[in-house]
Amino acid sequence: MSAELPADAAVDADDAAGAPGASVRPQHLIVTVFGRYVRAHGGTIQVADLIEMMAALGTDASAVRSAVSRLKQRGVLVSLRSGGGAAYRLAESLEGVFSAGDRRIFEERRAQPSDPWLLASFSVPERERPLRHQLRRLLQRLGFGQVSGGLWIAPGLIADETRTALRRAGLDGYVELFLGDRLSEDDLVLAVRRWWDLPALEPLYRDFVEGFRGVLAEDRTDGEAFAAHVGAITRWRRLTYLDPGIPLALLPDDWAGVEAERLFAELHRRLEPAAERFVTAVMS
């Protein structure tokens, strides 16, 4: 795990699922459990409690132990003793990554057309060519669109997050960041469709809506609410890094992200209280 990347990079989040009934790796779910709940309950959880929580998500003990071992190897989790038993916490170096993730996931983050754009321009010497791939991957993870080979663009609202991520990765010396307005006269809507792969993104929003819309219509136990909440966050986390807050006015009409954003907000509002009761009961 490189601490410069969003938390999902620790578990290869490109294939993260999280919809009810969908296959999802235990590592993705564990990252969500730690990021949303363990951090709020002192930061440390005993293995037995984690196994109980993951059982509510349909993951057996052996799969949990295997996933935890992999996350420990990647530097995401740190082992310790707590209450006379084995326990884990997130690596301290990742707190900034998870705090940035909280803002992406739980705050309204949609730029306005009049807001400045963030430009990232980089040049990597040929002798350090592997860093070029690392830089591109980092910018992609943060949600940047590509204007040209060495020029990337994003809404200005992720400027601080980008600066911090580059510094953490030790790549800030290769990148120049600029905030400003676009002066070109060609259609900005068409330009946005060149910079971002919107046809690939919109179906992901629609899949989220289809996968979770029915959750609101069902009564759930605290454990079931916890499972649904973790699943929703796991899926939504991926989407917030694919779409860094592109202004709605520059997106296609009836953009599926609008309905998806409203649905996630309602899921979070409705499910979190019961999910919190479940976590408190397990960890008490």
# chains A, B, ... in the order shown; residues from 1 in each chain; ligands from 1
$ select_by_dssp --residues "region 110-240 of chain A" --states "alpha helix (DSSP H)" --output "ChimeraX atom specification"
/A:129-142,159-169,188-195,198-212,222-240
$ closest_residue --among "A:Val31, A:Val38, A:Met53, A:Leu157" --to "Val282 (chain A)" --atoms "only C-alpha atoms"
A:Met53
$ residues_around --residues "region 256-271 of chain A" --least-positions-apart "2" --cutoff "10 Å" --atoms "only C-alpha atoms" --output "compact mmCIF listing (two decimals) with N, CA, C and O atoms, in the first residue's frame"
# COMPACT_ATOMS: atom_id res chain seq x y z
N ILE A 105 -16.68 10.94 0.48
CA ILE A 105 -17.83 10.04 0.56
C ILE A 105 -19.05 10.72 1.17
O ILE A 105 -20.17 10.57 0.68
N PHE A 106 -18.85 11.48 2.24
CA PHE A 106 -19.99 11.92 3.04
C PHE A 106 -20.35 13.39 2.90
O PHE A 106 -21.36 13.83 3.43
N GLU A 107 -19.54 14.17 2.20
CA GLU A 107 -19.86 15.58 2.01
C GLU A 107 -20.32 15.82 0.57
O GLU A 107 -19.89 15.12 -0.35
N GLU A 108 -21.16 16.83 0.39
CA GLU A 108 -21.57 17.21 -0.97
C GLU A 108 -20.39 17.90 -1.64
O GLU A 108 -19.89 18.91 -1.14
N LEU A 201 -18.63 5.79 -16.97
CA LEU A 201 -18.97 6.14 -15.60
C LEU A 201 -20.47 6.07 -15.32
O LEU A 201 -20.89 5.58 -14.26
N GLU A 202 -21.28 6.54 -16.26
CA GLU A 202 -22.72 6.60 -16.00
C GLU A 202 -23.34 5.24 -15.67
O GLU A 202 -24.15 5.13 -14.74
N PRO A 203 -22.98 4.15 -16.37
CA PRO A 203 -23.56 2.85 -16.00
C PRO A 203 -23.22 2.43 -14.57
O PRO A 203 -24.00 1.71 -13.94
N LEU A 204 -22.07 2.87 -14.06
CA LEU A 204 -21.71 2.53 -12.68
C LEU A 204 -22.66 3.22 -11.70
O LEU A 204 -23.05 2.64 -10.68
N TYR A 205 -23.03 4.45 -12.01
CA TYR A 205 -24.04 5.14 -11.19
C TYR A 205 -25.38 4.41 -11.28
O TYR A 205 -26.06 4.22 -10.26
N ARG A 206 -25.75 3.99 -12.47
CA ARG A 206 -27.04 3.31 -12.63
C ARG A 206 -27.03 1.97 -11.90
O ARG A 206 -28.03 1.58 -11.29
N ASP A 207 -25.91 1.27 -11.94
CA ASP A 207 -25.79 0.01 -11.21
C ASP A 207 -25.94 0.23 -9.71
O ASP A 207 -26.56 -0.58 -9.01
N PHE A 208 -25.38 1.33 -9.22
CA PHE A 208 -25.52 1.63 -7.79
C PHE A 208 -26.99 1.84 -7.43
O PHE A 208 -27.48 1.30 -6.44
N VAL A 209 -27.67 2.62 -8.25
CA VAL A 209 -29.08 2.89 -7.98
C VAL A 209 -29.89 1.60 -8.03
O VAL A 209 -30.71 1.32 -7.13
N GLU A 210 -29.67 0.79 -9.04
CA GLU A 210 -30.42 -0.46 -9.17
C GLU A 210 -30.10 -1.41 -8.02
O GLU A 210 -30.97 -2.13 -7.53
N PHE A 212 -29.14 -0.69 -4.90
CA PHE A 212 -29.45 -0.26 -3.53
C PHE A 212 -30.81 0.41 -3.36
O PHE A 212 -31.22 0.69 -2.23
N ARG A 213 -31.53 0.67 -4.44
CA ARG A 213 -32.81 1.36 -4.30
C ARG A 213 -33.77 0.57 -3.40
O ARG A 213 -34.49 1.14 -2.58
N VAL A 215 -33.17 -1.26 -0.90
CA VAL A 215 -32.78 -1.32 0.51
C VAL A 215 -33.67 -0.43 1.37
O VAL A 215 -34.02 -0.78 2.50
N LEU A 216 -34.08 0.70 0.83
CA LEU A 216 -34.88 1.66 1.60
C LEU A 216 -36.28 1.15 1.87
O LEU A 216 -36.95 1.63 2.78
N ARG A 220 -35.04 -3.77 8.52
CA ARG A 220 -33.82 -4.52 8.74
C ARG A 220 -33.45 -4.54 10.22
O ARG A 220 -33.71 -3.58 10.95
N ASP A 222 -30.48 -4.54 13.18
CA ASP A 222 -29.28 -3.71 13.27
C ASP A 222 -28.13 -4.33 12.48
O ASP A 222 -27.39 -3.63 11.79
N GLU A 224 -28.35 -6.34 9.88
CA GLU A 224 -28.64 -6.22 8.45
C GLU A 224 -28.42 -4.78 7.97
O GLU A 224 -27.97 -4.56 6.84
N ALA A 225 -28.78 -3.81 8.81
CA ALA A 225 -28.53 -2.42 8.46
C ALA A 225 -27.03 -2.15 8.34
O ALA A 225 -26.57 -1.45 7.44
N PHE A 226 -26.25 -2.73 9.25
CA PHE A 226 -24.80 -2.61 9.19
C PHE A 226 -24.27 -3.17 7.87
O PHE A 226 -23.46 -2.54 7.18
N ALA A 227 -24.73 -4.35 7.50
CA ALA A 227 -24.27 -4.98 6.26
C ALA A 227 -24.62 -4.12 5.04
O ALA A 227 -23.80 -3.94 4.14
N ALA A 228 -25.84 -3.60 5.01
CA ALA A 228 -26.25 -2.77 3.88
C ALA A 228 -25.47 -1.46 3.84
O ALA A 228 -25.08 -0.98 2.76
N HIS A 229 -25.21 -0.89 5.01
CA HIS A 229 -24.47 0.38 5.09
C HIS A 229 -23.04 0.19 4.61
O HIS A 229 -22.52 0.98 3.81
N VAL A 230 -22.38 -0.86 5.07
CA VAL A 230 -21.01 -1.13 4.64
C VAL A 230 -20.96 -1.39 3.14
O VAL A 230 -20.07 -0.90 2.43
N ALA A 232 -23.03 -0.24 0.84
CA ALA A 232 -23.27 1.01 0.12
C ALA A 232 -22.03 1.89 0.13
O ALA A 232 -21.66 2.48 -0.90
N ILE A 233 -21.38 2.01 1.28
CA ILE A 233 -20.17 2.84 1.36
C ILE A 233 -19.07 2.27 0.46
O ILE A 233 -18.36 3.01 -0.22
N ARG A 235 -19.27 0.55 -2.29
CA ARG A 235 -19.53 0.87 -3.70
C ARG A 235 -19.41 2.37 -3.95
O ARG A 235 -18.82 2.80 -4.94
N TRP A 236 -19.97 3.16 -3.07
CA TRP A 236 -19.98 4.60 -3.29
C TRP A 236 -18.57 5.18 -3.25
O TRP A 236 -18.26 6.10 -4.00
N LEU A 239 -17.03 5.26 -6.61
CA LEU A 239 -17.58 6.25 -7.52
C LEU A 239 -17.08 7.65 -7.22
O LEU A 239 -16.87 8.45 -8.14
N THR A 240 -16.86 7.97 -5.96
CA THR A 240 -16.40 9.32 -5.61
C THR A 240 -14.99 9.59 -6.10
O THR A 240 -14.59 10.75 -6.23
N ASP A 243 -15.39 10.15 -10.16
CA ASP A 243 -15.98 11.45 -10.47
C ASP A 243 -15.58 12.41 -9.36
O ASP A 243 -16.11 12.35 -8.26
N LEU A 248 -22.33 19.71 -12.72
CA LEU A 248 -23.47 19.06 -13.36
C LEU A 248 -23.83 19.70 -14.70
O LEU A 248 -24.29 19.02 -15.62
N LEU A 251 -22.27 17.99 -17.59
CA LEU A 251 -22.53 16.56 -17.75
C LEU A 251 -23.80 16.36 -18.59
O LEU A 251 -24.61 17.28 -18.73
N PRO A 252 -24.00 15.17 -19.12
CA PRO A 252 -25.19 14.93 -19.95
C PRO A 252 -26.48 15.16 -19.17
O PRO A 252 -26.52 15.05 -17.93
N ASP A 253 -27.54 15.49 -19.90
CA ASP A 253 -28.86 15.63 -19.27
C ASP A 253 -29.25 14.32 -18.60
O ASP A 253 -28.90 13.23 -19.06
N ASP A 254 -30.00 14.43 -17.50
CA ASP A 254 -30.45 13.25 -16.75
C ASP A 254 -29.27 12.39 -16.30
O ASP A 254 -29.34 11.17 -16.30
N PRO A 273 -27.76 4.91 11.92
CA PRO A 273 -28.09 4.74 13.35
C PRO A 273 -28.17 3.28 13.79
O PRO A 273 -27.60 2.90 14.82
N ALA A 274 -28.86 2.45 13.00
CA ALA A 274 -28.96 1.03 13.35
C ALA A 274 -27.61 0.34 13.22
O ALA A 274 -27.24 -0.52 14.04
N ALA A 275 -26.86 0.70 12.18
CA ALA A 275 -25.53 0.11 12.00
C ALA A 275 -24.62 0.47 13.17
O ALA A 275 -23.85 -0.37 13.65
N GLU A 276 -24.73 1.69 13.64
CA GLU A 276 -23.92 2.12 14.79
C GLU A 276 -24.30 1.34 16.04
O GLU A 276 -23.42 0.98 16.85
